[in-house]
file model_19.pdb (PDB, C-alpha atoms)
MODEL        1
ATOM      1  CA  MET A   8     114.351 118.561  80.897  1.00  0.00           C
ATOM      2  CA  SER A   9     116.078 116.605  83.653  1.00  0.00           C
ATOM      3  CA  GLN A  10     118.388 113.882  82.409  1.00  0.00           C
ATOM      4  CA  ILE A  11     118.628 110.497  84.135  1.00  0.00           C
ATOM      5  CA  GLU A  12     121.915 108.649  83.930  1.00  0.00           C
ATOM      6  CA  VAL A  13     122.385 105.077  85.159  1.00  0.00           C
ATOM      7  CA  SER A  14     125.879 103.704  85.621  1.00  0.00           C
ATOM      8  CA  GLU A  15     127.374 100.526  87.042  1.00  0.00           C
ATOM      9  CA  VAL A  16     129.232 100.807  90.350  1.00  0.00           C
ATOM     10  CA  THR A  17     132.937 100.281  89.722  1.00  0.00           C
ATOM     11  CA  SER A  18     134.718 101.900  92.676  1.00  0.00           C
ATOM     12  CA  ARG A  19     134.692 101.829  96.472  1.00  0.00           C
ATOM     13  CA  ARG A  20     133.441 105.411  96.539  1.00  0.00           C
ATOM     14  CA  GLU A  21     130.473 104.501  94.362  1.00  0.00           C
ATOM     15  CA  ARG A  22     129.814 101.384  96.451  1.00  0.00           C
ATOM     16  CA  ASP A  23     129.739 103.526  99.600  1.00  0.00           C
ATOM     17  CA  ALA A  24     127.350 105.941  97.896  1.00  0.00           C
ATOM     18  CA  PHE A  25     125.201 102.962  96.894  1.00  0.00           C
ATOM     19  CA  ILE A  26     125.015 101.853 100.534  1.00  0.00           C
ATOM     20  CA  LYS A  27     124.398 105.291 102.050  1.00  0.00           C
ATOM     21  CA  PHE A  28     121.669 106.277  99.581  1.00  0.00           C
ATOM     22  CA  GLN A  29     119.158 104.514 101.855  1.00  0.00           C
ATOM     23  CA  TRP A  30     119.483 107.291 104.402  1.00  0.00           C
ATOM     24  CA  GLN A  31     118.085 109.719 101.831  1.00  0.00           C
ATOM     25  CA  ILE A  32     114.979 107.566 101.318  1.00  0.00           C
ATOM     26  CA  TYR A  33     114.218 106.739 104.954  1.00  0.00           C
ATOM     27  CA  THR A  34     115.055 110.020 106.714  1.00  0.00           C
ATOM     28  CA  ASP A  35     111.461 110.521 107.899  1.00  0.00           C
ATOM     29  CA  ASP A  36     110.528 106.847 108.398  1.00  0.00           C
ATOM     30  CA  PRO A  37     110.395 106.028 112.148  1.00  0.00           C
ATOM     31  CA  ALA A  38     110.012 102.279 111.459  1.00  0.00           C
ATOM     32  CA  TRP A  39     113.186 101.994 109.387  1.00  0.00           C
ATOM     33  CA  VAL A  40     116.110 100.166 110.973  1.00  0.00           C
ATOM     34  CA  PRO A  41     119.392 101.440 109.476  1.00  0.00           C
ATOM     35  CA  PRO A  42     121.829  98.704 108.463  1.00  0.00           C
ATOM     36  CA  LEU A  43     125.349  98.493 109.807  1.00  0.00           C
ATOM     37  CA  ILE A  44     127.539 100.012 107.120  1.00  0.00           C
ATOM     38  CA  ILE A  45     130.356  97.549 107.843  1.00  0.00           C
ATOM     39  CA  GLU A  46     127.907  94.674 107.312  1.00  0.00           C
ATOM     40  CA  ARG A  47     126.650  96.150 104.028  1.00  0.00           C
ATOM     41  CA  LYS A  48     130.219  96.485 102.787  1.00  0.00           C
ATOM     42  CA  ALA A  49     130.841  92.834 103.594  1.00  0.00           C
ATOM     43  CA  PHE A  50     127.578  91.870 101.883  1.00  0.00           C
ATOM     44  CA  LEU A  51     128.718  93.551  98.672  1.00  0.00           C
ATOM     45  CA  ASP A  52     132.314  92.305  98.840  1.00  0.00           C
ATOM     46  CA  ARG A  53     132.860  90.301  95.659  1.00  0.00           C
ATOM     47  CA  LYS A  54     136.084  88.747  96.983  1.00  0.00           C
ATOM     48  CA  HIS A  55     134.627  87.272 100.167  1.00  0.00           C
ATOM     49  CA  HIS A  56     130.849  86.914  99.925  1.00  0.00           C
ATOM     50  CA  PRO A  57     129.985  83.215  99.271  1.00  0.00           C
ATOM     51  CA  PHE A  58     127.403  84.055  96.592  1.00  0.00           C
ATOM     52  CA  TYR A  59     130.183  85.007  94.172  1.00  0.00           C
ATOM     53  CA  ARG A  60     131.674  81.509  94.331  1.00  0.00           C
ATOM     54  CA  HIS A  61     128.956  80.416  91.922  1.00  0.00           C
ATOM     55  CA  GLY A  62     126.934  83.527  90.992  1.00  0.00           C
ATOM     56  CA  ASP A  63     127.445  87.055  89.769  1.00  0.00           C
ATOM     57  CA  ALA A  64     125.896  90.464  90.433  1.00  0.00           C
ATOM     58  CA  ALA A  65     126.201  94.115  89.462  1.00  0.00           C
ATOM     59  CA  LEU A  66     125.225  97.343  91.218  1.00  0.00           C
ATOM     60  CA  PHE A  67     123.765 100.382  89.452  1.00  0.00           C
ATOM     61  CA  LEU A  68     123.235 103.983  90.515  1.00  0.00           C
ATOM     62  CA  ALA A  69     120.785 106.404  88.919  1.00  0.00           C
ATOM     63  CA  ARG A  70     121.622 110.103  88.866  1.00  0.00           C
ATOM     64  CA  LYS A  71     119.415 113.020  87.953  1.00  0.00           C
ATOM     65  CA  ASN A  72     121.186 116.296  87.252  1.00  0.00           C
ATOM     66  CA  GLY A  73     124.238 114.758  88.908  1.00  0.00           C
ATOM     67  CA  LYS A  74     122.458 113.767  92.136  1.00  0.00           C
ATOM     68  CA  ILE A  75     121.945 110.130  93.119  1.00  0.00           C
ATOM     69  CA  VAL A  76     118.209 109.350  93.019  1.00  0.00           C
ATOM     70  CA  GLY A  77     118.079 105.550  92.910  1.00  0.00           C
ATOM     71  CA  ARG A  78     119.934 102.268  93.060  1.00  0.00           C
ATOM     72  CA  ILE A  79     119.434  98.603  92.096  1.00  0.00           C
ATOM     73  CA  MET A  80     121.337  95.322  92.059  1.00  0.00           C
ATOM     74  CA  ALA A  81     121.041  92.724  89.290  1.00  0.00           C
ATOM     75  CA  SER A  82     122.112  89.171  90.086  1.00  0.00           C
ATOM     76  CA  ASP A  83     122.454  85.812  88.372  1.00  0.00           C
ATOM     77  CA  ASP A  84     122.326  82.537  90.319  1.00  0.00           C
ATOM     78  CA  PRO A  85     123.133  79.513  88.097  1.00  0.00           C
ATOM     79  CA  ASN A  86     122.478  77.130  91.007  1.00  0.00           C
ATOM     80  CA  TYR A  87     118.894  78.393  91.353  1.00  0.00           C
ATOM     81  CA  ASN A  88     118.247  78.004  87.655  1.00  0.00           C
ATOM     82  CA  SER A  89     119.726  74.503  87.654  1.00  0.00           C
ATOM     83  CA  VAL A  90     117.553  73.324  90.539  1.00  0.00           C
ATOM     84  CA  HIS A  91     114.338  74.940  89.267  1.00  0.00           C
ATOM     85  CA  GLN A  92     114.958  74.363  85.551  1.00  0.00           C
ATOM     86  CA  SER A  93     114.402  78.075  84.959  1.00  0.00           C
ATOM     87  CA  ASN A  94     116.187  80.883  83.150  1.00  0.00           C
ATOM     88  CA  VAL A  95     115.743  83.888  85.413  1.00  0.00           C
ATOM     89  CA  GLY A  96     117.842  86.648  86.866  1.00  0.00           C
ATOM     90  CA  CYS A  97     116.993  88.767  89.894  1.00  0.00           C
ATOM     91  CA  PHE A  98     116.849  92.381  90.978  1.00  0.00           C
ATOM     92  CA  GLY A  99     117.323  93.481  94.573  1.00  0.00           C
ATOM     93  CA  LEU A 100     118.526  96.252  96.890  1.00  0.00           C
ATOM     94  CA  PHE A 101     116.100  98.526  95.037  1.00  0.00           C
ATOM     95  CA  GLU A 102     115.768 102.057  96.419  1.00  0.00           C
ATOM     96  CA  CYS A 103     114.339 104.993  94.485  1.00  0.00           C
ATOM     97  CA  ILE A 104     112.772 108.400  94.821  1.00  0.00           C
ATOM     98  CA  ASP A 105     109.081 108.583  93.941  1.00  0.00           C
ATOM     99  CA  GLU A 106     109.514 109.074  90.205  1.00  0.00           C
ATOM    100  CA  CYS A 107     108.522 106.469  87.626  1.00  0.00           C
ATOM    101  CA  ASP A 108     111.098 107.558  85.064  1.00  0.00           C
ATOM    102  CA  VAL A 109     113.922 106.955  87.557  1.00  0.00           C
ATOM    103  CA  ALA A 110     112.581 103.502  88.433  1.00  0.00           C
ATOM    104  CA  ALA A 111     112.191 102.658  84.744  1.00  0.00           C
ATOM    105  CA  ALA A 112     115.797 103.623  84.044  1.00  0.00           C
ATOM    106  CA  LEU A 113     117.037 101.448  86.903  1.00  0.00           C
ATOM    107  CA  PHE A 114     115.034  98.425  85.777  1.00  0.00           C
ATOM    108  CA  GLU A 115     116.186  98.910  82.187  1.00  0.00           C
ATOM    109  CA  ALA A 116     119.794  98.678  83.390  1.00  0.00           C
ATOM    110  CA  ALA A 117     119.113  95.608  85.543  1.00  0.00           C
ATOM    111  CA  GLU A 118     117.172  93.880  82.759  1.00  0.00           C
ATOM    112  CA  GLY A 119     119.935  94.588  80.274  1.00  0.00           C
ATOM    113  CA  TRP A 120     122.562  93.078  82.570  1.00  0.00           C
ATOM    114  CA  VAL A 121     120.441  89.973  83.172  1.00  0.00           C
ATOM    115  CA  ARG A 122     119.773  89.639  79.443  1.00  0.00           C
ATOM    116  CA  ASN A 123     123.513  89.728  78.754  1.00  0.00           C
ATOM    117  CA  LYS A 124     123.817  86.751  81.102  1.00  0.00           C
ATOM    118  CA  GLY A 125     121.490  84.855  78.782  1.00  0.00           C
ATOM    119  CA  ARG A 126     118.453  85.065  81.075  1.00  0.00           C
ATOM    120  CA  THR A 127     114.991  85.591  79.664  1.00  0.00           C
ATOM    121  CA  GLU A 128     113.148  86.626  82.853  1.00  0.00           C
ATOM    122  CA  ILE A 129     113.808  88.801  85.875  1.00  0.00           C
ATOM    123  CA  MET A 130     112.199  88.576  89.310  1.00  0.00           C
ATOM    124  CA  GLY A 131     112.534  90.284  92.664  1.00  0.00           C
ATOM    125  CA  PRO A 132     113.057  91.963  94.956  1.00  0.00           C
ATOM    126  CA  ILE A 133     115.608  89.300  95.891  1.00  0.00           C
ATOM    127  CA  ASP A 134     118.966  90.266  97.386  1.00  0.00           C
ATOM    128  CA  TYR A 135     121.270  87.738  95.663  1.00  0.00           C
ATOM    129  CA  SER A 136     119.075  84.715  96.469  1.00  0.00           C
ATOM    130  CA  THR A 137     116.228  83.454  98.633  1.00  0.00           C
ATOM    131  CA  ASN A 138     118.744  82.949 101.456  1.00  0.00           C
ATOM    132  CA  TYR A 139     118.646  86.716 101.977  1.00  0.00           C
ATOM    133  CA  VAL A 140     115.984  89.434 102.097  1.00  0.00           C
ATOM    134  CA  CYS A 141     113.187  88.844  99.591  1.00  0.00           C
ATOM    135  CA  GLY A 142     109.900  90.481  98.753  1.00  0.00           C
ATOM    136  CA  LEU A 143     108.300  93.895  98.784  1.00  0.00           C
ATOM    137  CA  LEU A 144     106.449  95.292 101.793  1.00  0.00           C
ATOM    138  CA  VAL A 145     102.867  96.168 100.774  1.00  0.00           C
ATOM    139  CA  ASP A 146     101.195  96.351 104.202  1.00  0.00           C
ATOM    140  CA  GLY A 147     102.221  97.016 107.799  1.00  0.00           C
ATOM    141  CA  PHE A 148     104.530  99.943 107.071  1.00  0.00           C
ATOM    142  CA  GLN A 149     104.183 101.140 110.674  1.00  0.00           C
ATOM    143  CA  PHE A 150     106.096  98.115 111.987  1.00  0.00           C
ATOM    144  CA  PRO A 151     109.891  97.861 112.025  1.00  0.00           C
ATOM    145  CA  PRO A 152     111.300  94.957 110.014  1.00  0.00           C
ATOM    146  CA  THR A 153     112.352  91.720 111.672  1.00  0.00           C
ATOM    147  CA  ILE A 154     115.333  89.635 110.607  1.00  0.00           C
ATOM    148  CA  LEU A 155     115.357  88.929 106.852  1.00  0.00           C
ATOM    149  CA  THR A 156     112.110  90.807 106.199  1.00  0.00           C
ATOM    150  CA  ALA A 157     111.744  93.697 103.781  1.00  0.00           C
ATOM    151  CA  HIS A 158     110.956  97.308 104.633  1.00  0.00           C
ATOM    152  CA  ASN A 159     110.298 100.001 102.042  1.00  0.00           C
ATOM    153  CA  PRO A 160     108.133 103.074 101.373  1.00  0.00           C
ATOM    154  CA  PRO A 161     104.500 102.466 100.323  1.00  0.00           C
ATOM    155  CA  TYR A 162     105.045 103.996  96.879  1.00  0.00           C
ATOM    156  CA  TYR A 163     107.485 101.252  95.801  1.00  0.00           C
ATOM    157  CA  GLN A 164     104.628  98.947  94.812  1.00  0.00           C
ATOM    158  CA  GLN A 165     103.296 101.468  92.308  1.00  0.00           C
ATOM    159  CA  LEU A 166     106.785 102.215  90.988  1.00  0.00           C
ATOM    160  CA  ILE A 167     107.607  98.558  90.382  1.00  0.00           C
ATOM    161  CA  GLU A 168     104.223  97.678  88.893  1.00  0.00           C
ATOM    162  CA  SER A 169     104.447 100.701  86.585  1.00  0.00           C
ATOM    163  CA  CYS A 170     107.562  99.064  85.118  1.00  0.00           C
ATOM    164  CA  GLY A 171     105.600  95.967  84.112  1.00  0.00           C
ATOM    165  CA  PHE A 172     106.074  93.718  87.139  1.00  0.00           C
ATOM    166  CA  ALA A 173     103.258  91.735  88.752  1.00  0.00           C
ATOM    167  CA  LYS A 174     103.002  89.914  92.068  1.00  0.00           C
ATOM    168  CA  ALA A 175     104.118  86.273  91.996  1.00  0.00           C
ATOM    169  CA  LYS A 176     103.197  85.253  95.548  1.00  0.00           C
ATOM    170  CA  ASP A 177     102.437  86.574  99.038  1.00  0.00           C
ATOM    171  CA  LEU A 178     105.000  86.416 101.829  1.00  0.00           C
ATOM    172  CA  TYR A 179     103.935  86.828 105.459  1.00  0.00           C
ATOM    173  CA  ALA A 180     105.659  87.811 108.701  1.00  0.00           C
ATOM    174  CA  TRP A 181     103.886  86.899 111.917  1.00  0.00           C
ATOM    175  CA  TRP A 182     103.917  88.530 115.342  1.00  0.00           C
ATOM    176  CA  PHE A 183     103.364  86.428 118.474  1.00  0.00           C
ATOM    177  CA  ALA A 184     101.378  88.417 121.026  1.00  0.00           C
ATOM    178  CA  ASP A 185     102.161  85.766 123.654  1.00  0.00           C
ATOM    179  CA  PRO A 186     105.258  83.696 122.801  1.00  0.00           C
ATOM    180  CA  SER A 187     104.624  81.290 125.697  1.00  0.00           C
ATOM    181  CA  LYS A 188     101.502  79.959 123.924  1.00  0.00           C
ATOM    182  CA  ALA A 189     103.508  79.245 120.776  1.00  0.00           C
ATOM    183  CA  VAL A 190     106.143  77.397 122.817  1.00  0.00           C
ATOM    184  CA  ALA A 191     103.501  75.262 124.534  1.00  0.00           C
ATOM    185  CA  GLN A 192     101.932  74.342 121.194  1.00  0.00           C
ATOM    186  CA  LEU A 193     105.294  73.405 119.684  1.00  0.00           C
ATOM    187  CA  ARG A 194     106.062  71.190 122.692  1.00  0.00           C
ATOM    188  CA  ARG A 195     102.761  69.338 122.256  1.00  0.00           C
ATOM    189  CA  LEU A 196     103.523  68.858 118.565  1.00  0.00           C
ATOM    190  CA  ALA A 197     107.012  67.579 119.347  1.00  0.00           C
ATOM    191  CA  SER A 198     105.568  65.130 121.853  1.00  0.00           C
ATOM    192  CA  ARG A 199     103.144  63.686 119.261  1.00  0.00           C
ATOM    193  CA  VAL A 200     105.924  63.348 116.682  1.00  0.00           C
ATOM    194  CA  HIS A 201     108.117  61.593 119.225  1.00  0.00           C
ATOM    195  CA  ARG A 202     105.467  58.921 119.857  1.00  0.00           C
ATOM    196  CA  HIS A 203     105.207  57.950 116.192  1.00  0.00           C
ATOM    197  CA  CYS A 204     108.713  58.538 114.825  1.00  0.00           C
ATOM    198  CA  PRO A 205     112.152  57.392 116.041  1.00  0.00           C
ATOM    199  CA  VAL A 206     113.292  60.954 116.650  1.00  0.00           C
ATOM    200  CA  THR A 207     115.655  62.175 119.359  1.00  0.00           C
ATOM    201  CA  PHE A 208     115.480  65.743 120.623  1.00  0.00           C
ATOM    202  CA  ARG A 209     118.591  67.313 122.109  1.00  0.00           C
ATOM    203  CA  PRO A 210     120.038  70.779 122.640  1.00  0.00           C
ATOM    204  CA  ALA A 211     122.580  72.061 120.155  1.00  0.00           C
ATOM    205  CA  ASN A 212     126.186  71.324 121.096  1.00  0.00           C
ATOM    206  CA  LEU A 213     127.704  74.792 121.157  1.00  0.00           C
ATOM    207  CA  LYS A 214     131.146  73.332 121.844  1.00  0.00           C
ATOM    208  CA  ASN A 215     131.164  71.720 118.409  1.00  0.00           C
ATOM    209  CA  LEU A 216     129.734  74.396 116.141  1.00  0.00           C
ATOM    210  CA  ARG A 217     131.467  73.054 113.039  1.00  0.00           C
ATOM    211  CA  ASP A 218     129.621  69.723 113.053  1.00  0.00           C
ATOM    212  CA  GLU A 219     126.356  71.263 114.232  1.00  0.00           C
ATOM    213  CA  SER A 220     126.519  73.854 111.448  1.00  0.00           C
ATOM    214  CA  ARG A 221     127.140  71.100 108.903  1.00  0.00           C
ATOM    215  CA  ARG A 222     124.025  69.237 110.087  1.00  0.00           C
ATOM    216  CA  LEU A 223     121.930  72.403 109.986  1.00  0.00           C
ATOM    217  CA  ARG A 224     123.120  73.168 106.463  1.00  0.00           C
ATOM    218  CA  GLU A 225     122.310  69.662 105.226  1.00  0.00           C
ATOM    219  CA  ILE A 226     118.806  69.752 106.746  1.00  0.00           C
ATOM    220  CA  TYR A 227     118.123  73.246 105.422  1.00  0.00           C
ATOM    221  CA  ASN A 228     119.217  72.400 101.878  1.00  0.00           C
ATOM    222  CA  GLN A 229     117.223  69.167 101.790  1.00  0.00           C
ATOM    223  CA  ALA A 230     114.125  70.913 103.153  1.00  0.00           C
TER     224      ALA A 230
ENDMDL
END

call {"tool": "encode", "arguments": {"input": "model_19.pdb", "output": "structure tokens"}}
result
Amino acid sequence: MSQIEVSEVTSRRERDAFIKFQWQIYTDDPAWVPPLIIERKAFLDRKHHPFYRHGDAALFLARKNGKIVGRIMASDDPNYNSVHQSNVGCFGLFECIDECDVAAALFEAAEGWVRNKGRTEIMGPIDYSTNYVCGLLVDGFQFPPTILTAHNPPYYQQLIESCGFAKAKDLYAWWFADPSKAVAQLRRLASRVHRHCPVTFRPANLKNLRDESRRLREIYNQA
């Protein structure tokens, strides 16, 4: 009988293996867009990534007969729970071979970590928080992902649902066949808003990115 072992990532070598495991899953997927390894290392850097200023996360690898067959991240975001008056943790960065027992072992590890943080629920896929990639692709596998959209094999839905998860909501990504029509419609909308509200439209000031970024952050957080 094959034995599945799940362990927390504690070294740079294991972190690199965590990152590069994706290549094993997507070798034959023409729609997959490989990440930049240097960017993935920065994303998982506990010393510099801003998420770790207030939250925490752990990475896990699953091995079967010594070979890596899956990975998952568990994360805890106290800010999210404070705003939403909830008590949830998250799982993300999930990748797995098409075997339910491997997926179950990964989720057991993630759930245990979240439980030790005092959380009573777990949701995902969410990579750290909703400011990053969220959701599971369930349709449109033939299309490459756009920025901040998920891409995964079709069998992930069955794997995750077999571990007791159920869909919370639908997320959509839209393609514009003719972008010029969308631009024209947005300009008409902006014109109507301008007639009824004291709003000024101006280009971004790229010479003062610090102040512009501050304004964007304030608007985004309030919205």

call {"tool": "residues_around", "arguments": {"input": "model_19.pdb", "residues": "stretch 63-78 of chain A", "least_positions_apart": "5", "cutoff": "7 Å", "atoms": "only C-alpha atoms", "output": "PDB file with C-alpha atoms, in the frame of the given file"}}
result
ATOM      1  CA  SER A   9     116.078 116.605  83.653  1.00  0.00           C
ATOM      2  CA  GLN A  10     118.388 113.882  82.409  1.00  0.00           C
ATOM      3  CA  ILE A  11     118.628 110.497  84.135  1.00  0.00           C
ATOM      4  CA  GLU A  12     121.915 108.649  83.930  1.00  0.00           C
ATOM      5  CA  VAL A  13     122.385 105.077  85.159  1.00  0.00           C
ATOM      6  CA  SER A  14     125.879 103.704  85.621  1.00  0.00           C
ATOM      7  CA  GLU A  15     127.374 100.526  87.042  1.00  0.00           C
ATOM      8  CA  VAL A  16     129.232 100.807  90.350  1.00  0.00           C
ATOM      9  CA  PHE A  25     125.201 102.962  96.894  1.00  0.00           C
ATOM     10  CA  ASP A  83     122.454  85.812  88.372  1.00  0.00           C
ATOM     11  CA  ASP A  84     122.326  82.537  90.319  1.00  0.00           C
ATOM     12  CA  PHE A 101     116.100  98.526  95.037  1.00  0.00           C
ATOM     13  CA  GLU A 102     115.768 102.057  96.419  1.00  0.00           C
ATOM     14  CA  CYS A 103     114.339 104.993  94.485  1.00  0.00           C
ATOM     15  CA  ILE A 104     112.772 108.400  94.821  1.00  0.00           C
ATOM     16  CA  VAL A 109     113.922 106.955  87.557  1.00  0.00           C
ATOM     17  CA  LEU A 113     117.037 101.448  86.903  1.00  0.00           C
TER      18      LEU A 113
END

call {"tool": "residues_around", "arguments": {"input": "model_19.pdb", "residues": "A:Leu43", "least_positions_apart": "3", "cutoff": "12 Å", "atoms": "all atoms listed in the file", "output": "list in words"}}
result
Ile26, Lys27, Gln29, Trp30, Val40, Glu46, Arg47, Lys48, Ala49 and Phe50 of chain A

call {"tool": "residues_near_point", "arguments": {"input": "model_19.pdb", "point": "(123.3, 77.5, 84.0)", "cutoff": "12 Å", "atoms": "all atoms listed in the file", "output": "ChimeraX atom specification"}}
result
/A:61-63,83-96,124-126

call {"tool": "closest_residue", "arguments": {"input": "model_19.pdb", "among": "A:Ile154, A:Leu216, A:Leu100, A:Val145", "to": "A:Ile133", "atoms": "all atoms listed in the file"}}
result
A:Leu100

call {"tool": "atom_distance", "arguments": {"input": "model_19.pdb", "atom1": "atom CA of A:Ala110", "atom2": "atom CA of A:Glu168"}}
result
10.2 Å

call {"tool": "atom_distance", "arguments": {"input": "model_19.pdb", "atom1": "atom CA of A:Arg22", "atom2": "atom CA of A:Leu144"}}
result
24.7 Å

call {"tool": "residues_around", "arguments": {"input": "model_19.pdb", "residues": "A:Arg122", "least_positions_apart": "5", "cutoff": "12 Å", "atoms": "all atoms listed in the file", "output": "VMD selection string"}}
result
chain A and resid 81 to 83 94 to 97 114 to 117 127 to 129
